[in-house]
>>> print(open('start_30.txt').read())   # compact mmCIF, C-alpha atoms
# COMPACT_ATOMS: atom_id res chain seq x y z
CA MET A 1 -55.56 -189.86 125.73
CA THR A 2 -54.03 -187.10 123.64
CA ILE A 3 -50.67 -187.59 121.96
CA PRO A 4 -48.61 -184.40 122.36
CA ALA A 5 -48.35 -182.77 118.94
CA PHE A 6 -44.64 -182.13 119.22
CA GLY A 7 -42.19 -184.91 120.01
CA LEU A 8 -38.52 -185.75 119.85
CA GLY A 9 -37.52 -188.61 117.57
CA THR A 10 -34.46 -190.73 118.39
CA PHE A 11 -34.06 -192.84 115.23
CA ARG A 12 -30.39 -193.37 114.32
CA LEU A 13 -29.16 -191.77 117.56
CA LYS A 14 -26.99 -194.03 119.70
CA GLY A 15 -24.96 -193.92 122.91
CA GLN A 16 -23.95 -190.54 124.27
CA GLN A 17 -25.47 -188.85 121.22
CA VAL A 18 -29.00 -189.91 122.15
CA ILE A 19 -28.43 -189.18 125.86
CA ASP A 20 -27.36 -185.62 124.99
CA SER A 21 -30.20 -185.11 122.49
CA VAL A 22 -32.90 -186.27 124.92
CA LYS A 23 -31.45 -184.35 127.87
CA THR A 24 -31.18 -181.15 125.81
CA GLY A 25 -34.66 -181.67 124.39
CA LEU A 26 -36.16 -182.09 127.86
CA GLU A 27 -34.32 -179.02 129.06
CA LEU A 28 -35.77 -177.01 126.15
CA GLY A 29 -39.31 -178.18 126.88
CA TYR A 30 -39.89 -181.35 124.84
CA ARG A 31 -42.14 -183.72 126.76
CA HIS A 32 -42.88 -186.38 124.12
CA ILE A 33 -40.02 -188.81 123.42
CA ASP A 34 -40.19 -191.46 120.69
CA THR A 35 -37.96 -194.55 120.66
CA ALA A 36 -38.17 -198.18 119.46
CA GLN A 37 -36.73 -201.59 120.20
CA ILE A 38 -34.81 -201.66 116.91
CA TYR A 39 -33.18 -198.26 117.56
CA ASP A 40 -31.07 -200.00 120.20
CA ASN A 41 -31.19 -196.89 122.39
CA GLU A 42 -34.00 -197.51 124.89
CA ALA A 43 -31.53 -197.89 127.78
CA GLU A 44 -29.87 -194.56 126.91
CA VAL A 45 -33.25 -192.83 126.50
CA GLY A 46 -34.22 -194.20 129.92
CA GLN A 47 -30.96 -192.96 131.41
CA ALA A 48 -31.40 -189.47 129.92
CA ILE A 49 -34.97 -189.24 131.24
CA ALA A 50 -33.93 -190.48 134.70
CA GLU A 51 -31.06 -187.99 134.88
CA SER A 52 -33.11 -185.07 133.54
CA GLY A 53 -35.11 -184.67 136.73
CA VAL A 54 -38.34 -184.20 134.73
CA PRO A 55 -41.15 -186.01 136.59
CA ARG A 56 -42.38 -189.12 134.78
CA ASP A 57 -45.98 -187.92 134.82
CA GLU A 58 -45.01 -184.87 132.74
CA LEU A 59 -43.66 -187.07 129.95
CA PHE A 60 -45.17 -188.98 127.06
CA VAL A 61 -42.94 -191.89 126.04
CA THR A 62 -43.47 -194.07 122.97
CA THR A 63 -41.70 -197.28 122.02
CA LYS A 64 -42.31 -199.75 119.20
CA ILE A 65 -42.36 -203.54 119.00
CA TRP A 66 -39.97 -204.92 116.39
CA THR A 67 -41.12 -207.44 113.77
CA SER A 68 -39.20 -210.34 115.33
CA ASN A 69 -41.11 -209.78 118.58
CA LEU A 70 -44.66 -209.89 117.16
CA SER A 71 -45.26 -213.57 117.94
CA ALA A 72 -47.47 -214.50 120.89
CA ASP A 73 -44.52 -215.78 122.93
CA ARG A 74 -42.35 -212.71 122.32
CA LEU A 75 -44.48 -209.57 122.24
CA ILE A 76 -45.23 -209.04 125.93
CA PRO A 77 -41.81 -210.27 127.18
CA SER A 78 -40.12 -207.91 124.70
CA LEU A 79 -42.20 -204.98 125.95
CA GLU A 80 -41.30 -205.86 129.54
CA GLU A 81 -37.65 -205.83 128.45
CA SER A 82 -38.16 -202.38 126.88
CA LEU A 83 -39.70 -201.11 130.12
CA SER A 84 -36.73 -202.42 132.07
CA LYS A 85 -34.32 -200.58 129.73
CA LEU A 86 -36.40 -197.40 129.91
CA ARG A 87 -36.55 -197.70 133.73
CA MET A 88 -40.33 -197.43 133.63
CA GLU A 89 -43.28 -199.46 134.82
CA GLN A 90 -45.39 -198.28 131.90
CA VAL A 91 -44.94 -196.44 128.61
CA ASP A 92 -47.59 -194.06 127.34
CA LEU A 93 -47.80 -195.55 123.86
CA THR A 94 -46.62 -198.80 122.28
CA LEU A 95 -46.74 -199.21 118.52
CA VAL A 96 -46.37 -202.18 116.21
CA HIS A 97 -43.35 -200.84 114.31
CA TRP A 98 -44.11 -202.56 110.98
CA PRO A 99 -46.72 -205.06 109.87
CA SER A 100 -45.40 -208.63 110.03
CA PRO A 101 -43.11 -209.10 106.96
CA ASN A 102 -45.02 -210.82 104.13
CA ASP A 103 -47.96 -211.00 106.56
CA GLU A 104 -46.49 -214.16 108.10
CA LEU A 105 -48.34 -213.34 111.30
CA ALA A 106 -51.95 -212.16 111.28
CA VAL A 107 -52.61 -208.55 112.27
CA ALA A 108 -55.47 -209.74 114.50
CA ASP A 109 -53.12 -212.03 116.45
CA TYR A 110 -50.45 -209.49 117.34
CA LEU A 111 -52.92 -206.70 117.98
CA ALA A 112 -54.73 -208.98 120.44
CA GLN A 113 -51.37 -209.30 122.22
CA MET A 114 -50.97 -205.51 122.17
CA LEU A 115 -54.42 -205.09 123.71
CA ASP A 116 -53.43 -207.61 126.37
CA ALA A 117 -50.29 -205.55 127.11
CA LYS A 118 -52.49 -202.49 127.57
CA GLN A 119 -54.89 -204.37 129.85
CA ARG A 120 -51.92 -205.53 131.95
CA GLY A 121 -50.92 -201.89 132.42
CA LEU A 122 -47.62 -202.15 130.52
CA THR A 123 -48.71 -199.33 128.22
CA ARG A 124 -51.39 -196.64 128.46
CA ALA A 125 -52.26 -196.86 124.78
CA ILE A 126 -51.44 -198.90 121.69
CA GLY A 127 -51.10 -198.05 118.03
CA ILE A 128 -49.57 -198.95 114.72
CA SER A 129 -46.82 -197.73 112.42
CA ASN A 130 -46.19 -198.14 108.68
CA PHE A 131 -49.63 -199.69 108.25
CA THR A 132 -51.20 -199.60 104.78
CA ILE A 133 -54.95 -199.17 104.24
CA SER A 134 -55.36 -202.95 104.11
CA HIS A 135 -53.41 -203.40 107.37
CA MET A 136 -55.39 -200.59 109.02
CA GLN A 137 -58.65 -202.25 108.00
CA GLN A 138 -57.46 -205.54 109.50
CA ALA A 139 -56.46 -203.69 112.68
CA ILE A 140 -59.87 -201.99 112.92
CA ASP A 141 -61.65 -205.32 112.37
CA ALA A 142 -59.49 -206.92 115.07
CA ILE A 143 -59.60 -204.42 117.93
CA GLY A 144 -61.71 -201.45 116.82
CA ALA A 145 -60.49 -198.03 115.67
CA GLU A 146 -61.10 -196.66 119.18
CA ASN A 147 -58.19 -198.79 120.46
CA ILE A 148 -55.73 -197.50 117.84
CA ALA A 149 -54.17 -194.32 119.22
CA THR A 150 -52.25 -193.43 116.04
CA ASN A 151 -50.72 -194.70 112.82
CA GLN A 152 -47.14 -193.42 112.69
CA VAL A 153 -46.17 -193.06 109.04
CA GLU A 154 -43.63 -191.21 106.92
CA VAL A 155 -45.06 -187.81 105.97
CA HIS A 156 -43.22 -184.75 104.67
CA PRO A 157 -43.77 -182.31 101.80
CA PHE A 158 -42.29 -184.78 99.27
CA LEU A 159 -44.32 -187.80 100.48
CA GLN A 160 -47.79 -186.71 101.52
CA ASN A 161 -49.26 -190.20 101.90
CA ARG A 162 -52.75 -188.90 101.13
CA LYS A 163 -54.63 -192.19 100.66
CA VAL A 164 -53.44 -193.60 103.98
CA ILE A 165 -54.17 -190.34 105.80
CA GLU A 166 -57.63 -190.03 104.25
CA PHE A 167 -58.51 -193.59 105.27
CA ALA A 168 -57.15 -193.12 108.81
CA ARG A 169 -59.07 -189.87 109.24
CA SER A 170 -62.30 -191.40 107.97
CA HIS A 171 -62.00 -193.91 110.84
CA GLY A 172 -60.93 -191.39 113.46
CA ILE A 173 -57.34 -192.65 113.60
CA HIS A 174 -54.76 -190.00 114.45
CA ILE A 175 -51.56 -189.62 112.37
CA THR A 176 -48.02 -189.17 113.66
CA ALA A 177 -45.62 -187.97 110.96
CA TYR A 178 -42.11 -189.40 111.09
CA MET A 179 -39.15 -188.12 109.04
CA PRO A 180 -41.04 -184.78 108.82
CA LEU A 181 -37.96 -182.99 107.48
CA ALA A 182 -37.12 -185.66 104.89
CA TYR A 183 -33.60 -186.03 106.32
CA GLY A 184 -33.00 -182.31 105.85
CA LYS A 185 -34.09 -182.26 102.18
CA VAL A 186 -36.74 -179.67 103.05
CA MET A 187 -33.92 -177.13 103.55
CA GLN A 188 -33.08 -177.21 99.83
CA ASP A 189 -36.58 -176.74 98.44
CA GLU A 190 -37.23 -173.37 96.79
CA VAL A 191 -40.94 -173.22 97.64
CA LEU A 192 -40.24 -173.90 101.31
CA GLN A 193 -37.34 -171.43 101.27
CA ARG A 194 -39.58 -168.73 99.84
CA ILE A 195 -42.37 -169.32 102.39
CA ALA A 196 -39.78 -169.42 105.17
CA GLU A 197 -38.35 -166.08 104.08
CA ALA A 198 -41.80 -164.48 104.22
CA HIS A 199 -42.15 -165.56 107.85
CA GLY A 200 -38.57 -164.98 108.99
CA ALA A 201 -38.42 -168.72 109.62
CA SER A 202 -36.47 -171.72 108.30
CA PRO A 203 -37.73 -174.25 105.71
CA ALA A 204 -37.62 -176.89 108.48
CA GLN A 205 -39.96 -174.81 110.62
CA VAL A 206 -42.29 -174.34 107.65
CA ALA A 207 -42.41 -178.10 106.99
CA LEU A 208 -43.20 -178.79 110.65
CA ALA A 209 -45.84 -176.04 110.80
CA TRP A 210 -47.46 -177.47 107.66
CA LEU A 211 -47.80 -180.87 109.35
CA LEU A 212 -48.99 -179.44 112.68
CA GLN A 213 -51.66 -177.37 110.95
CA GLN A 214 -53.08 -180.57 109.49
CA GLY A 215 -53.51 -181.96 112.99
CA PHE A 216 -50.64 -184.46 112.90
CA ALA A 217 -48.11 -185.10 115.64
CA VAL A 218 -44.50 -184.61 114.50
CA ILE A 219 -41.33 -186.23 115.87
CA PRO A 220 -38.28 -184.55 114.31
CA SER A 221 -34.86 -185.48 115.68
CA SER A 222 -31.69 -183.48 116.06
CA THR A 223 -28.42 -183.61 117.96
CA LYS A 224 -27.86 -179.84 117.85
CA ARG A 225 -29.28 -177.63 120.57
CA GLU A 226 -30.07 -174.76 118.18
CA ASN A 227 -31.99 -177.09 115.83
CA LEU A 228 -33.88 -178.70 118.71
CA ALA A 229 -34.91 -175.23 119.90
CA ALA A 230 -35.75 -173.98 116.39
CA ASN A 231 -37.91 -177.05 115.67
CA LEU A 232 -39.96 -176.39 118.81
CA GLU A 233 -40.59 -172.82 117.65
CA ALA A 234 -42.43 -174.16 114.59
CA GLN A 235 -45.46 -174.46 116.87
CA GLN A 236 -45.79 -170.67 116.82
CA LEU A 237 -45.70 -170.43 113.03
CA ARG A 238 -49.00 -170.05 111.21
CA LEU A 239 -49.10 -170.60 107.44
CA THR A 240 -51.74 -169.07 105.17
CA ASP A 241 -54.16 -171.26 103.21
CA GLU A 242 -52.29 -170.30 100.05
CA GLU A 243 -48.96 -171.38 101.55
CA MET A 244 -50.49 -174.68 102.67
CA GLN A 245 -51.69 -175.21 99.07
CA GLN A 246 -48.26 -174.40 97.64
CA ILE A 247 -46.68 -177.04 99.88
CA ALA A 248 -49.38 -179.52 98.86
CA THR A 249 -48.03 -179.32 95.28
CA LEU A 250 -44.58 -180.61 96.37
CA ASP A 251 -45.71 -184.23 96.72
CA ARG A 252 -43.55 -186.51 94.55
CA ASN A 253 -44.05 -189.81 96.37
CA GLU A 254 -40.46 -189.69 97.58
CA ARG A 255 -40.35 -192.44 100.19
CA LEU A 256 -37.22 -192.57 102.33
CA ALA A 257 -38.10 -195.43 104.69
CA ASN A 258 -38.57 -198.39 102.39
CA PRO A 259 -36.78 -201.52 103.66
CA GLY A 260 -37.00 -204.83 101.83
CA PHE A 261 -39.63 -206.14 104.27
CA ALA A 262 -41.93 -203.10 103.82
CA PRO A 263 -45.54 -203.80 102.88
CA LYS A 264 -46.94 -203.03 99.43
CA TRP A 265 -47.55 -199.29 99.78
CA ASP A 266 -50.80 -197.56 98.82
>>> encode(input="start_30.txt", output="structure tokens")
Amino acid sequence: MTIPAFGLGTFRLKGQQVIDSVKTGLELGYRHIDTAQIYDNEAEVGQAIAESGVPRDELFVTTKIWTSNLSADRLIPSLEESLSKLRMEQVDLTLVHWPSPNDELAVADYLAQMLDAKQRGLTRAIGISNFTISHMQQAIDAIGAENIATNQVEVHPFLQNRKVIEFARSHGIHITAYMPLAYGKVMQDEVLQRIAEAHGASPAQVALAWLLQQGFAVIPSSTKRENLAANLEAQQLRLTDEEMQQIATLDRNERLANPGFAPKWD
């Protein structure tokens, strides 16, 4: 199963805002939609998809299991609840949103539950998110790298997460980059502005193209039609090797998603 390289993120979007964003995105051609239990918007995402008229088999829908639902008695019921909200019998991809805080629950235990969810047909594929090298190794030992569709991690020009990506790649695990625009910070960077100018593009498009050219999936979000359309156009942008190298120098380990329960990062 291939994860579409370009998706629409819905983090922080609620109510009518997320309905409008998803509907507009689908209208513009997005076919990969990313949500999560903790975003508290699965019902609205489901509504937007249902009202869009886009056939379900043309879509790739991802949701994520929240940390409080990782226990054996909660994981599958919580996914069934997500499916009910999304108005679907099956999602395309289900991720463990974060490793269990302080490793209270064993990776092997909740990934066994995830595999069970897949075998029951609740999800076409399973994967992980915010997993460190140590957590990835535990996941591989538990269910095999071939059963891990992706590791969704924060990646943008200012946090390039090289160790995690190198380890994932060495085991054939795909990477999905979240927060690819660093909450809009890419727009202010001089290097990205200069490269953008050379291509008649925006710094946001350059940041997305940089990630796509490395083979990652990207899931930027926006509520504005013009930004949703412009982000999609990044797929047509081709950066030179020299430009890719210039962006590689922007790494400053600037992590934006770092809650108190986050694992010890690599």
>>> residues_around(input="start_30.txt", residues="Glu233 in chain A", least_positions_apart="4", cutoff="12 Å", atoms="only C-alpha atoms", output="MDAnalysis selection string")
chainID A and resid 6 28:30 200:202 204:206 208:209 212 226:229 237:238
>>> residues_around(input="start_30.txt", residues="range 52-66 of chain A", least_positions_apart="6", cutoff="8 Å", atoms="all atoms listed in the file", output="MDAnalysis selection string")
chainID A and resid 3:4 23 26:27 31:38 75 78:79 82 91:98
>>> atom_distance(input="start_30.txt", atom1="CA of His156 in chain A", atom2="CA of Ala230 in chain A")
17.6 Å
>>> atom_distance(input="start_30.txt", atom1="CA of Val153 in chain A", atom2="CA of Pro180 in chain A")
9.7 Å
>>> closest_residue(input="start_30.txt", among="A:Asn161, A:Gln236, A:Ser68, A:Ser134", to="Ala248 in chain A", atoms="all atoms listed in the file")
A:Asn161
>>> atom_distance(input="start_30.txt", atom1="CA of Ala139 in chain A", atom2="CA of Gly121 in chain A")
20.6 Å
>>> closest_residue(input="start_30.txt", among="A:Phe131, A:Arg225, A:Glu154, A:Glu42", to="Tyr178 in chain A", atoms="all atoms listed in the file")
A:Glu154
